[in-house]
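Visitor: Can you read through this structure? Questions will come right after.
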2 protein chains.
Amino acid sequence: MRLTKSEWQIMKALWESHPATAREISERLPEDTTWAYTTIKTMLTRLVGKKAVSERKRANTSVYEPLIERDDAQRSAVATLIESAFDGAVEPFLGFVANSTLSSKERKRLLEMLDREDASAKER
Amino acid sequence: MRLTKSEWQIMKALWESHPATAREISERLPEDTTWAYTTIKTMLTRLVGKKAVSERKRANTSVYEPLIERDDAQRSAVATLIESAFDGAVEPFLGFVANSTLSSKERKRLLEMLDREDASAKER
DNA sequence: TAGATTCTTCTACAAACGTAGAAAGAGGTG
DNA sequence: CACCTCTTTCTACGTTTGTAGAAGAATCTA
């Protein structure tokens with residue numbers, strides 16, 4: 001499941017709350033999005049084609065629902081990135097993220113998060 | 001600088017050692033890559049168009065050289081991902097990577113890496 | 001130097017993306 | 001019922017990506 005940047009936009013609006021109509025989705029998009037209504041419809045149709053979204057009729061209006069979950073989409077996006085940009089090697093990716101992407105504040109937060117995870121892992 | 005999956009392949013081969021000719025690049029690609037030589041040439045030409053690679057003639061043969069560094073490309077790929085899939089929020093991304101993508105062994109490694117970073121940050 | 005080999009340059013073409021207008025159909029309203 | 005408004009469906013068109021063949025130019029080699 002590969003989502004393009006625009007598709008992410010749509011999906012995010014849909015995950016926010018669903019089922020949703022194209023109109024609702026269009027209203028939830030960020031202010032600065034200038035897509036025509038039919039553009040949104042086209043993208044929804046394509047997402048339906050990709051089986052990322054389901055479509056169902058209520059009266060003459062289509063209601064959409066995500067078929068993939070946000071977590072899964074994120075997971076797979078991260079995996080794809082690691083795959084193509086880091087040769088599939090998780091560690092270099094981590095090292096990279098840890099060292100280059102993070103401010104020391106973020107690094108601290110990450111440590112905390114990991115600690116929490118560690119702790120709760122022990123409890124289980 | 002947005003690189004496609006195939007472009008990453010080429011770039012990786014080029015980063016490995018450069019300047020390099022199309023032929024050399026083609027020889028360095030993973031065994032299972034089945035691209036025709038002209039396919040590689042086309043991609044190189046497009047990468048030149050994108051200013052990701054420079055081209056220079058030696059006799060009648062083009063010699064290529066990366067114009068962007070691997071680190072930068074990776075950094076920007078990570079940034080793009082965070083941007084589109086995580087709404088630009090670094091922390092959720094981190095939390096996600098830390099919790100969902102990592103095995104506990106990897107998590108431990110990450111902690112170590114962060115420690116090292118922390119230590120060397122102090123020295124500076 | 002003629003032929004083989006290798007490169008380059010041009011051209012092509014299908015699928016995916018980004019973006020959207022035109023026209024037709026349904027539903028609500030005075 | 002006539003009409004306005006919203007929705008759908010169809011069609012379209014330019015760009016990017018993936019993939020590569022044809023033909024010509026340069027080089028090497030016997």
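Labeling convention for the structure tokens: chains A, B, ... as they appear, residues from 1 per chain, ligands from 1 in order of appearance.
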When you look at B:Tyr37 with a cut-off of 9 Å (counting only C-alpha atoms (C1' of nucleotides)), what residues show up, excluding the ones that are within fewer than 2 positions of it in the same chain? I need them as number ranges by chain.
Guide: B: 22-23, 26, 35, 39-42; D: 20
Visitor: Counting only C-alpha atoms (C1' of nucleotides), a student should be able to say which residues of chain B come within 9 Å of chain C; what is the right answer, written as a list in words?
Guide: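 Filtering chain B at 9 Å from chain C with only C-alpha atoms (C1' of nucleotides) gives Asn60, Thr61 and Ser62 of chain B.
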Visitor: I'd like the neighbourhood of stretch 78-94 of chain B as a VMD selection string, where a residue qualifies if any of its atoms comes within 12 Å (using only C-alpha atoms (C1' of nucleotides)), though same-chain residues fewer than 6 positions away should be ignored.
Guide: (chain A and resid 2 to 13 30 70 to 82 84 to 86 93 to 94 96 to 98 100 to 103 105 to 114) or (chain B and resid 1 to 3 71 to 72 100 to 102 107 110)
Visitor: Would you kindly return, as a list in words, each protein, DNA or RNA residue with an atom no farther than 12 Å from any atom of B:Arg58, considering only C-alpha atoms (C1' of nucleotides) and excluding same-chain residues fewer than 6 positions away?
Guide: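 Once the adjacent positions are removed, what remains is Pro19, Ala20, Thr21 and Tyr64 of chain B; DC7 of chain C; DA26 of chain D.
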Visitor: Could you write out, as a list in words, all the residues of chain B that DSSP marks as strand (DSSP E or B)?
Guide: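 Residues meeting the strand (DSSP E or B) criterion: Ala20, Thr21, Val53, Ser54, Glu55, Arg56, Lys57, Arg58, Thr61, Ser62, Val63, Tyr64, Glu65 and Pro66 of chain B.
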Visitor: Among stretch 2-122 of chain A, which ones does DSSP assign to helix (DSSP H, G or I) (computed from the backbone)? Answer as an MDAnalysis selection string.
Guide: chainID A and resid 5:16 22:28 37:49 70:85 90:101 104:122
Visitor: Could those residues be written to a file, using C-alpha atoms, as a compact mmCIF listing (two decimals), in the first residue's frame?
Guide:
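Dumped to part-v3.txt:
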# COMPACT_ATOMS: atom_id res chain seq x y z
CA LYS A 5 1.40 12.81 -0.55
CA SER A 6 -2.03 13.89 -1.73
CA GLU A 7 -3.51 10.59 -0.85
CA TRP A 8 -2.18 10.99 2.65
CA GLN A 9 -4.07 14.23 2.91
CA ILE A 10 -7.29 12.58 2.01
CA MET A 11 -6.69 9.59 4.19
CA LYS A 12 -5.88 11.72 7.17
CA ALA A 13 -9.14 13.58 6.80
CA LEU A 14 -10.94 10.30 6.54
CA TRP A 15 -9.25 8.67 9.50
CA GLU A 16 -10.18 11.67 11.54
CA ALA A 22 -16.52 13.62 -0.06
CA ARG A 23 -17.98 16.91 1.05
CA GLU A 24 -17.11 16.29 4.66
CA ILE A 25 -13.63 15.28 3.77
CA SER A 26 -13.20 18.37 1.70
CA GLU A 27 -14.25 20.46 4.62
CA ARG A 28 -11.75 18.83 6.90
CA TYR A 37 -14.37 19.07 -5.20
CA THR A 38 -14.05 16.78 -8.20
CA THR A 39 -10.36 16.43 -7.56
CA ILE A 40 -11.17 15.03 -4.19
CA LYS A 41 -13.71 12.72 -5.73
CA THR A 42 -11.17 11.50 -8.23
CA MET A 43 -8.67 10.79 -5.53
CA LEU A 44 -11.26 8.97 -3.49
CA THR A 45 -12.16 6.86 -6.48
CA ARG A 46 -8.54 6.01 -6.99
CA LEU A 47 -8.13 5.14 -3.34
CA VAL A 48 -11.12 2.86 -3.67
CA GLY A 49 -9.37 1.29 -6.64
CA ARG A 70 -3.40 4.73 9.96
CA ASP A 71 -0.89 2.77 11.95
CA ASP A 72 -0.49 0.27 9.20
CA ALA A 73 -0.05 2.91 6.60
CA GLN A 74 2.55 4.62 8.73
CA ARG A 75 4.32 1.42 9.46
CA SER A 76 4.51 0.56 5.84
CA ALA A 77 5.66 4.02 4.88
CA VAL A 78 8.49 3.78 7.37
CA ALA A 79 9.33 0.33 6.09
CA THR A 80 9.40 1.55 2.51
CA LEU A 81 11.71 4.37 3.44
CA ILE A 82 14.09 2.08 5.27
CA GLU A 83 13.96 -0.23 2.35
CA SER A 84 14.77 2.25 -0.37
CA ALA A 85 16.92 4.80 1.37
CA VAL A 90 17.04 -0.73 10.41
CA GLU A 91 20.01 0.18 12.51
CA PRO A 92 21.61 2.67 10.20
CA PHE A 93 18.22 4.23 9.92
CA LEU A 94 17.95 4.49 13.67
CA GLY A 95 21.40 5.83 14.08
CA PHE A 96 20.67 8.34 11.45
CA VAL A 97 17.43 9.44 12.97
CA ALA A 98 18.94 9.55 16.40
CA ASN A 99 21.94 11.57 15.41
CA SER A 100 20.93 13.78 12.58
CA THR A 101 17.29 14.42 12.85
CA SER A 104 18.89 17.10 22.03
CA LYS A 105 15.52 17.90 23.48
CA GLU A 106 13.89 15.44 21.16
CA ARG A 107 16.53 12.93 21.97
CA LYS A 108 15.72 13.26 25.63
CA ARG A 109 12.04 12.79 24.93
CA LEU A 110 12.82 9.73 22.93
CA LEU A 111 14.81 8.29 25.78
CA GLU A 112 11.87 8.84 28.03
CA MET A 113 9.55 7.16 25.62
CA LEU A 114 11.83 4.22 25.35
CA ASP A 115 12.08 3.99 29.11
CA ARG A 116 8.35 3.94 29.46
CA GLU A 117 8.12 1.24 26.84
CA ASP A 118 10.80 -0.74 28.58
CA ALA A 119 9.05 -0.47 31.88
CA SER A 120 5.70 -1.52 30.54
CA ALA A 121 7.33 -4.33 28.66
CA LYS A 122 8.69 -5.66 31.92
Visitor: With 10 Å as the limit and counting only C-alpha atoms (C1' of nucleotides), what residues in chain D lie close to chain A? Please list them as a PyMOL selection string.
Guide: chain D and resi 6-8
Visitor: In Å, with one decimal, what is the gap from atom CA of A:Leu29 to atom CA of A:Ser17?
Guide: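 That distance, rounded to one decimal, is 12.2 Å.
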